[in-house]
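Peer 1: The following file, coords_14.tsv, comprises TSV, C-alpha atoms:
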```
chain	number	residue	atom	x	y	z
A	1	SER	CA	29.12	8.28	28.35
A	2	GLN	CA	25.50	8.08	27.36
A	3	GLN	CA	23.06	5.25	27.98
A	4	GLY	CA	23.87	2.34	25.72
A	5	GLU	CA	27.34	3.19	24.45
A	6	GLU	CA	29.04	0.53	22.40
A	7	ASP	CA	32.69	0.00	21.77
A	8	PRO	CA	34.54	-0.37	19.59
A	9	GLN	CA	32.92	2.00	17.11
A	10	ALA	CA	34.25	-0.12	14.27
A	11	LEU	CA	35.65	-3.63	14.10
A	12	SER	CA	37.27	-5.34	11.14
A	13	ILE	CA	37.99	-9.08	11.22
A	14	GLN	CA	38.47	-12.07	8.94
A	15	GLU	CA	35.88	-14.75	8.35
A	16	GLY	CA	36.10	-17.46	10.98
A	17	GLU	CA	37.31	-15.12	13.71
A	18	ASN	CA	35.26	-14.14	16.71
A	19	ALA	CA	33.89	-10.62	17.14
A	20	THR	CA	33.26	-9.06	20.52
A	21	MET	CA	31.33	-5.85	21.02
A	22	ASN	CA	30.75	-4.13	24.33
A	23	CYS	CA	27.99	-1.90	25.61
A	24	SER	CA	27.88	0.27	28.71
A	25	TYR	CA	24.89	1.98	30.20
A	26	LYS	CA	24.14	4.28	33.10
A	27	THR	CA	20.72	3.61	34.64
A	28	SER	CA	19.10	0.50	36.08
A	29	ILE	CA	17.54	-1.64	33.41
A	30	ASN	CA	14.76	-4.16	33.01
A	31	ASN	CA	16.49	-5.84	30.10
A	32	LEU	CA	19.08	-5.20	27.42
A	33	GLN	CA	18.62	-6.09	23.77
A	34	TRP	CA	20.99	-6.36	20.83
A	35	TYR	CA	19.96	-5.46	17.31
A	36	ARG	CA	21.63	-5.74	13.92
A	37	GLN	CA	21.23	-3.27	11.10
A	38	ASN	CA	22.46	-3.88	7.60
A	39	SER	CA	23.45	-0.72	5.78
A	40	GLY	CA	20.41	1.53	5.30
A	41	ARG	CA	18.00	-1.18	6.35
A	42	GLY	CA	15.75	-1.99	9.30
A	43	LEU	CA	16.65	-3.27	12.73
A	44	VAL	CA	16.68	-6.99	13.34
A	45	HIS	CA	16.30	-8.21	16.90
A	46	LEU	CA	19.09	-10.61	17.86
A	47	ILE	CA	18.79	-11.40	21.53
A	48	LEU	CA	17.35	-10.10	24.80
A	49	ILE	CA	18.89	-10.59	28.21
A	50	ARG	CA	16.98	-9.79	31.36
A	51	SER	CA	18.52	-7.94	34.28
A	52	ASN	CA	18.54	-11.11	36.40
A	53	GLU	CA	20.41	-13.12	33.75
A	54	ARG	CA	24.17	-13.17	33.34
A	55	GLU	CA	24.63	-14.99	30.09
A	56	LYS	CA	22.54	-16.06	27.15
A	57	HIS	CA	23.23	-17.97	23.95
A	58	SER	CA	21.51	-18.05	20.60
A	59	GLY	CA	23.23	-19.95	17.82
A	60	ARG	CA	26.60	-18.27	17.25
A	61	LEU	CA	25.69	-15.39	19.56
A	62	ARG	CA	26.65	-15.14	23.20
A	63	VAL	CA	25.58	-12.22	25.34
A	64	THR	CA	26.74	-11.43	28.84
A	65	LEU	CA	25.38	-8.90	31.26
A	66	ASP	CA	27.10	-7.47	34.32
A	67	THR	CA	24.63	-5.24	36.12
A	68	SER	CA	27.20	-4.28	38.76
A	69	LYS	CA	29.39	-2.77	36.03
A	70	LYS	CA	26.41	-1.74	33.92
A	71	SER	CA	27.88	-3.41	30.89
A	72	SER	CA	27.10	-6.09	28.34
A	73	SER	CA	29.02	-7.84	25.63
A	74	LEU	CA	27.97	-9.52	22.42
A	75	LEU	CA	30.20	-12.26	21.05
A	76	ILE	CA	29.72	-13.57	17.53
A	77	THR	CA	31.68	-16.77	17.03
A	78	ALA	CA	33.02	-18.08	13.72
A	79	SER	CA	32.02	-14.91	11.92
A	80	ARG	CA	30.87	-14.87	8.30
A	81	ALA	CA	30.91	-12.18	5.65
A	82	ALA	CA	27.10	-12.04	6.04
A	83	ASP	CA	27.59	-10.84	9.63
A	84	THR	CA	28.85	-7.52	8.25
A	85	ALA	CA	26.46	-4.94	9.73
A	86	SER	CA	26.08	-2.42	12.53
A	87	TYR	CA	25.24	-3.80	15.93
A	88	PHE	CA	23.36	-1.82	18.54
A	89	CYS	CA	22.58	-2.43	22.16
A	90	ALA	CA	19.31	-1.04	23.48
A	91	THR	CA	18.27	-0.75	27.10
A	92	ASP	CA	14.78	-1.02	28.50
A	93	ALA	CA	14.97	1.05	31.65
A	94	TYR	CA	11.74	0.42	33.54
A	95	SER	CA	9.90	3.17	31.74
A	96	GLY	CA	6.64	1.30	32.07
A	97	TYR	CA	6.17	1.12	28.33
A	98	SER	CA	9.52	-0.47	27.48
A	99	THR	CA	10.92	2.47	25.60
A	100	LEU	CA	14.30	1.49	24.21
A	101	THR	CA	17.40	3.66	24.42
A	102	PHE	CA	19.93	2.80	21.75
A	103	GLY	CA	23.67	3.22	21.64
A	104	LYS	CA	25.61	4.53	18.67
A	105	GLY	CA	26.50	1.06	17.51
A	106	THR	CA	29.52	-0.93	16.43
A	107	MET	CA	30.13	-1.29	12.71
A	108	LEU	CA	31.42	-4.81	12.05
A	109	LEU	CA	33.19	-5.68	8.80
A	110	VAL	CA	33.92	-9.33	8.17
A	111	SER	CA	36.23	-9.93	5.23
A	112	PRO	CA	36.23	-13.23	3.32
B	1	GLU	CA	6.35	-15.17	10.05
B	2	PRO	CA	4.44	-12.01	10.96
B	3	GLU	CA	6.32	-8.76	10.49
B	4	VAL	CA	5.91	-5.02	10.84
B	5	THR	CA	5.49	-3.27	7.52
B	6	GLN	CA	5.99	0.39	6.67
B	7	THR	CA	5.05	2.55	3.71
B	8	PRO	CA	6.42	4.28	1.80
B	9	SER	CA	10.00	3.04	1.87
B	10	HIS	CA	11.23	6.46	0.78
B	11	GLN	CA	9.44	9.81	0.93
B	12	VAL	CA	10.77	13.03	-0.49
B	13	THR	CA	9.03	16.25	0.47
B	14	GLN	CA	9.50	19.99	0.44
B	15	MET	CA	10.17	21.88	3.64
B	16	GLY	CA	6.91	23.00	5.24
B	17	GLN	CA	4.85	20.19	3.75
B	18	GLU	CA	2.92	17.64	5.79
B	19	VAL	CA	3.88	13.99	5.60
B	20	ILE	CA	2.21	10.87	6.91
B	21	LEU	CA	4.26	7.76	7.49
B	22	ARG	CA	2.34	4.54	7.72
B	23	CYS	CA	2.95	1.36	9.65
B	24	VAL	CA	1.10	-1.91	10.03
B	25	PRO	CA	2.18	-3.51	13.32
B	26	ILE	CA	1.98	-7.23	13.98
B	27	SER	CA	-1.68	-8.05	14.43
B	28	ASN	CA	-1.81	-9.27	18.04
B	29	HIS	CA	0.57	-6.62	19.37
B	30	LEU	CA	-0.64	-4.01	21.82
B	31	TYR	CA	2.22	-1.51	22.14
B	32	PHE	CA	3.41	0.60	19.24
B	33	TYR	CA	6.43	2.85	18.84
B	34	TRP	CA	8.06	5.30	16.49
B	35	TYR	CA	11.81	5.82	16.47
B	36	ARG	CA	13.99	7.79	14.11
B	37	GLN	CA	17.61	7.59	13.03
B	38	ILE	CA	19.33	10.59	11.50
B	39	LEU	CA	22.02	9.45	9.06
B	40	GLY	CA	25.08	8.26	10.93
B	41	GLN	CA	23.53	8.74	14.35
B	42	LYS	CA	21.88	6.55	16.94
B	43	VAL	CA	18.29	5.41	16.88
B	44	GLU	CA	16.15	7.77	18.98
B	45	PHE	CA	12.80	7.14	20.62
B	46	LEU	CA	9.96	9.42	19.53
B	47	VAL	CA	6.71	8.09	20.98
B	48	SER	CA	4.96	5.04	22.35
B	49	PHE	CA	1.25	4.29	21.97
B	50	TYR	CA	-0.95	1.98	23.98
B	51	ASN	CA	-4.68	1.59	24.41
B	52	ASN	CA	-5.35	4.25	21.78
B	53	GLU	CA	-3.33	6.95	23.41
B	54	ILE	CA	0.20	8.22	23.70
B	55	SER	CA	1.89	6.57	26.67
B	56	GLU	CA	5.30	8.23	26.44
B	57	LYS	CA	6.99	10.75	24.21
B	58	SER	CA	10.46	12.22	23.93
B	59	GLU	CA	11.54	15.83	23.68
B	60	ILE	CA	11.81	15.37	19.94
B	61	PHE	CA	8.09	14.66	19.68
B	62	ASP	CA	6.84	18.24	19.73
B	63	ASP	CA	3.60	19.77	18.49
B	64	GLN	CA	4.63	19.18	14.88
B	65	PHE	CA	4.28	15.44	15.39
B	66	SER	CA	1.17	13.37	15.95
B	67	VAL	CA	0.30	9.69	15.92
B	68	GLU	CA	-2.90	7.91	15.20
B	69	ARG	CA	-4.34	4.44	14.97
B	70	PRO	CA	-7.17	5.16	12.57
B	71	ASP	CA	-8.37	1.56	12.32
B	72	GLY	CA	-7.51	-1.81	13.77
B	73	SER	CA	-4.37	-2.29	11.72
B	74	ASN	CA	-2.62	0.96	10.78
B	75	PHE	CA	-0.45	3.17	12.97
B	76	THR	CA	0.57	6.52	11.49
B	77	LEU	CA	3.06	9.25	12.25
B	78	LYS	CA	2.25	12.70	10.92
B	79	ILE	CA	4.66	15.58	10.68
B	80	ARG	CA	2.65	18.74	10.09
B	81	SER	CA	5.26	21.10	8.71
B	82	THR	CA	8.48	19.34	7.87
B	83	LYS	CA	11.88	20.88	8.51
B	84	LEU	CA	15.22	20.01	6.98
B	85	GLU	CA	16.30	18.44	10.26
B	86	ASP	CA	13.38	15.98	10.08
B	87	SER	CA	15.27	14.13	7.36
B	88	ALA	CA	15.91	10.71	8.84
B	89	MET	CA	14.94	7.06	8.75
B	90	TYR	CA	11.73	6.52	10.71
B	91	PHE	CA	11.13	3.12	12.25
B	92	CYS	CA	7.89	1.73	13.57
B	93	ALA	CA	8.00	-1.04	16.17
B	94	SER	CA	5.49	-3.12	18.06
B	95	ARG	CA	5.42	-5.66	20.85
B	96	THR	CA	2.90	-7.98	22.41
B	97	GLY	CA	2.67	-6.40	25.83
B	98	THR	CA	2.89	-9.66	27.67
B	99	GLY	CA	5.98	-11.34	29.04
B	100	VAL	CA	9.26	-10.37	27.46
B	101	ASN	CA	9.56	-6.94	25.90
B	102	GLU	CA	11.08	-7.75	22.54
B	103	GLN	CA	10.22	-5.08	20.03
B	104	PHE	CA	9.82	-5.95	16.38
B	105	PHE	CA	10.91	-3.23	13.98
B	106	GLY	CA	9.71	-2.44	10.51
B	107	PRO	CA	12.10	-1.82	7.61
B	108	GLY	CA	11.81	1.96	8.00
B	109	THR	CA	10.77	4.92	5.89
B	110	ARG	CA	13.56	7.17	4.68
B	111	LEU	CA	12.26	10.75	4.81
B	112	THR	CA	14.13	13.37	2.82
B	113	VAL	CA	13.14	17.00	3.33
B	114	LEU	CA	14.38	19.40	0.66
```
Can the structure in the file be given as structure tokens, please?
Peer 2:
Amino acid sequence: SQQGEEDPQALSIQEGENATMNCSYKTSINNLQWYRQNSGRGLVHLILIRSNEREKHSGRLRVTLDTSKKSSSLLITASRAADTASYFCATDAYSGYSTLTFGKGTMLLVSP
Amino acid sequence: EPEVTQTPSHQVTQMGQEVILRCVPISNHLYFYWYRQILGQKVEFLVSFYNNEISEKSEIFDDQFSVERPDGSNFTLKIRSTKLEDSAMYFCASRTGTGVNEQFFGPGTRLTVL
């Protein structure tokens, strides 16, 4: 798989349920970031987790990072219809200038 | 809250024409980036810019592409002779350069090459 591969590719849930998206990567990283993109729109930064952190929370978001498995997960709790979007992980791999490498994303659909 | 802005939101051009995409990064940021996203595909890095010069570029960023910071606020991406495969959403991003490396993205310019 390529750097920053998310799974599942698509996820459909009901409002109130939790949504979990996973990301795997190949190289050593400085940090990993999650972004949201509403259809045809720009990228909104959600959360950043550094390589020496294992878990981070922000509101209804919980991100974990396992550097030994080169994987991360994004959990959205108590999902809302407004959470419907594509979610991307992006790795910052010590390039010196923090170039981000994005995965293909998970498309989340939250139905009312 | 400060944000990255991009103009135009949508640009339609004929193959072979030159286009300039404009970005205004957040004012105290020091690092600037261009990424692109072909429809249905992943976001790809094009180029990073720091201290008035290109710091990194990808294989995509060939001689047809150039970037410039003509004044203290604008950051532009020029495509000299557009090809059909240049059709994509182009995102500008910036970051402070100190501490954590969160990048702030603009809303994007959708480029359509006919």
Peer 1: For a test of reading the model, state the distance in Å between atom CA of B:Pro2 and atom CA of B:Pro25, rounded to one decimal.
Peer 2: 9.1 Å
Peer 1: Could you tell me which of A:Gly59, A:Gly42, A:Tyr35, A:Thr67 comes closest to chain B if we count all atoms listed in the file?
Peer 2: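 Comparing A:Gly59, A:Gly42, A:Tyr35, A:Thr67 against chain B, the winner is A:Gly42.
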Peer 1: Which residue is closest to B:Gly108? Choose from B:Met89, B:Glu68, B:Ile79, B:Arg95 and count all atoms listed in the file.
Peer 2: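 The answer is B:Met89, which sits nearest to B:Gly108.
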Peer 1: Nearest residue to chain B out of A:Gln14, A:Asn31, A:Ser73, A:Ser51, using all atoms listed in the file?
Peer 2: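 Comparing A:Gln14, A:Asn31, A:Ser73, A:Ser51 against chain B, the winner is A:Asn31.
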Peer 1: Identify the residues around (20.2, 1.1, 16.4) within a radius of 8 Å, measuring from only C-alpha atoms in the coordinates stated by the file, and give them as number ranges by chain.
Peer 2: A: 35-37, 43, 86-90, 102-105; B: 37, 42-43
Peer 1: To one decimal in Å, tell me the separation between atom CA of A:Arg54 and atom CA of A:Asp66.
Peer 2: 6.5 Å
Peer 1: Rounded to one decimal in Å, what is the spacing between atom CA of B:Leu111 and atom CA of B:Ser87?
Peer 2: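 So the answer is 5.2 Å.
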Peer 1: Would you kindly return, as a PyMOL selection string, each protein, DNA or RNA residue with an atom no farther than 8 Å from any atom of stretch 12-15 of chain B, considering only C-alpha atoms and excluding same-chain residues fewer than 4 positions away?
Peer 2: chain B and resi 19+81-84+111-114
Peer 1: As JSON, numbers by chain, please: the residues near A:Pro112 (cut-off 12 Å, only C-alpha atoms, same-chain neighbours under 6 positions excluded).
Peer 2: {"A": [12, 13, 14, 15, 16, 17, 78, 79, 80, 81, 82, 83, 84]}
Peer 1: Distance limit 10 Å, atoms considered: all atoms listed in the file. Which chain B residues sit that close to chain A? Return them as a PyMOL selection string.
Peer 2: chain B and resi 31-35+39-50+55-58+89-93+95+97+100-110
Peer 1: If we count all atoms listed in the file, what is near B:Arg69 at a cut-off of 12 Å, once residues fewer than 3 positions away on the same chain are taken out, given as JSON, numbers by chain?
Peer 2: {"B": [21, 22, 23, 24, 25, 30, 31, 32, 33, 48, 49, 50, 51, 52, 53, 54, 66, 72, 73, 74, 75, 76, 77, 78]}
Peer 1: N, CA, C and O atoms are what I want for stretch 53-65 of chain B; can you complete it accordingly and write them as a compact mmCIF listing (two decimals), in the frame of the given file?
Peer 2:
```txt
# COMPACT_ATOMS: atom_id res chain seq x y z
N GLU B 53 -3.84 5.65 23.01
CA GLU B 53 -3.33 6.95 23.41
C GLU B 53 -1.82 6.92 23.56
O GLU B 53 -1.23 5.86 23.72
N ILE B 54 -1.23 8.11 23.50
CA ILE B 54 0.20 8.22 23.70
C ILE B 54 0.54 7.86 25.13
O ILE B 54 -0.07 8.40 26.07
N SER B 55 1.48 6.95 25.33
CA SER B 55 1.89 6.57 26.67
C SER B 55 3.17 7.27 27.10
O SER B 55 3.34 7.59 28.27
N GLU B 56 4.07 7.48 26.15
CA GLU B 56 5.30 8.23 26.44
C GLU B 56 5.73 8.96 25.19
O GLU B 56 5.46 8.49 24.08
N LYS B 57 6.41 10.07 25.37
CA LYS B 57 6.99 10.75 24.21
C LYS B 57 8.30 11.42 24.61
O LYS B 57 8.50 11.76 25.78
N SER B 58 9.17 11.59 23.65
CA SER B 58 10.46 12.22 23.93
C SER B 58 10.37 13.71 23.64
O SER B 58 9.36 14.21 23.13
N GLU B 59 11.47 14.38 23.94
CA GLU B 59 11.54 15.83 23.68
C GLU B 59 11.45 16.13 22.20
O GLU B 59 11.03 17.22 21.80
N ILE B 60 11.85 15.17 21.38
CA ILE B 60 11.81 15.37 19.94
C ILE B 60 10.36 15.49 19.46
O ILE B 60 10.04 16.24 18.54
N PHE B 61 9.50 14.76 20.10
CA PHE B 61 8.09 14.66 19.68
C PHE B 61 7.35 15.90 20.13
O PHE B 61 6.65 15.90 21.14
N ASP B 62 7.51 16.99 19.36
CA ASP B 62 6.84 18.24 19.73
C ASP B 62 5.50 18.36 19.01
O ASP B 62 4.99 17.38 18.45
N ASP B 63 4.95 19.56 19.04
CA ASP B 63 3.60 19.77 18.49
C ASP B 63 3.51 19.53 16.98
O ASP B 63 2.41 19.46 16.44
N GLN B 64 4.65 19.44 16.32
CA GLN B 64 4.63 19.18 14.88
C GLN B 64 4.33 17.70 14.57
O GLN B 64 4.03 17.36 13.44
N PHE B 65 4.47 16.87 15.58
CA PHE B 65 4.28 15.44 15.39
C PHE B 65 2.93 15.00 15.99
O PHE B 65 2.48 15.53 17.00
```
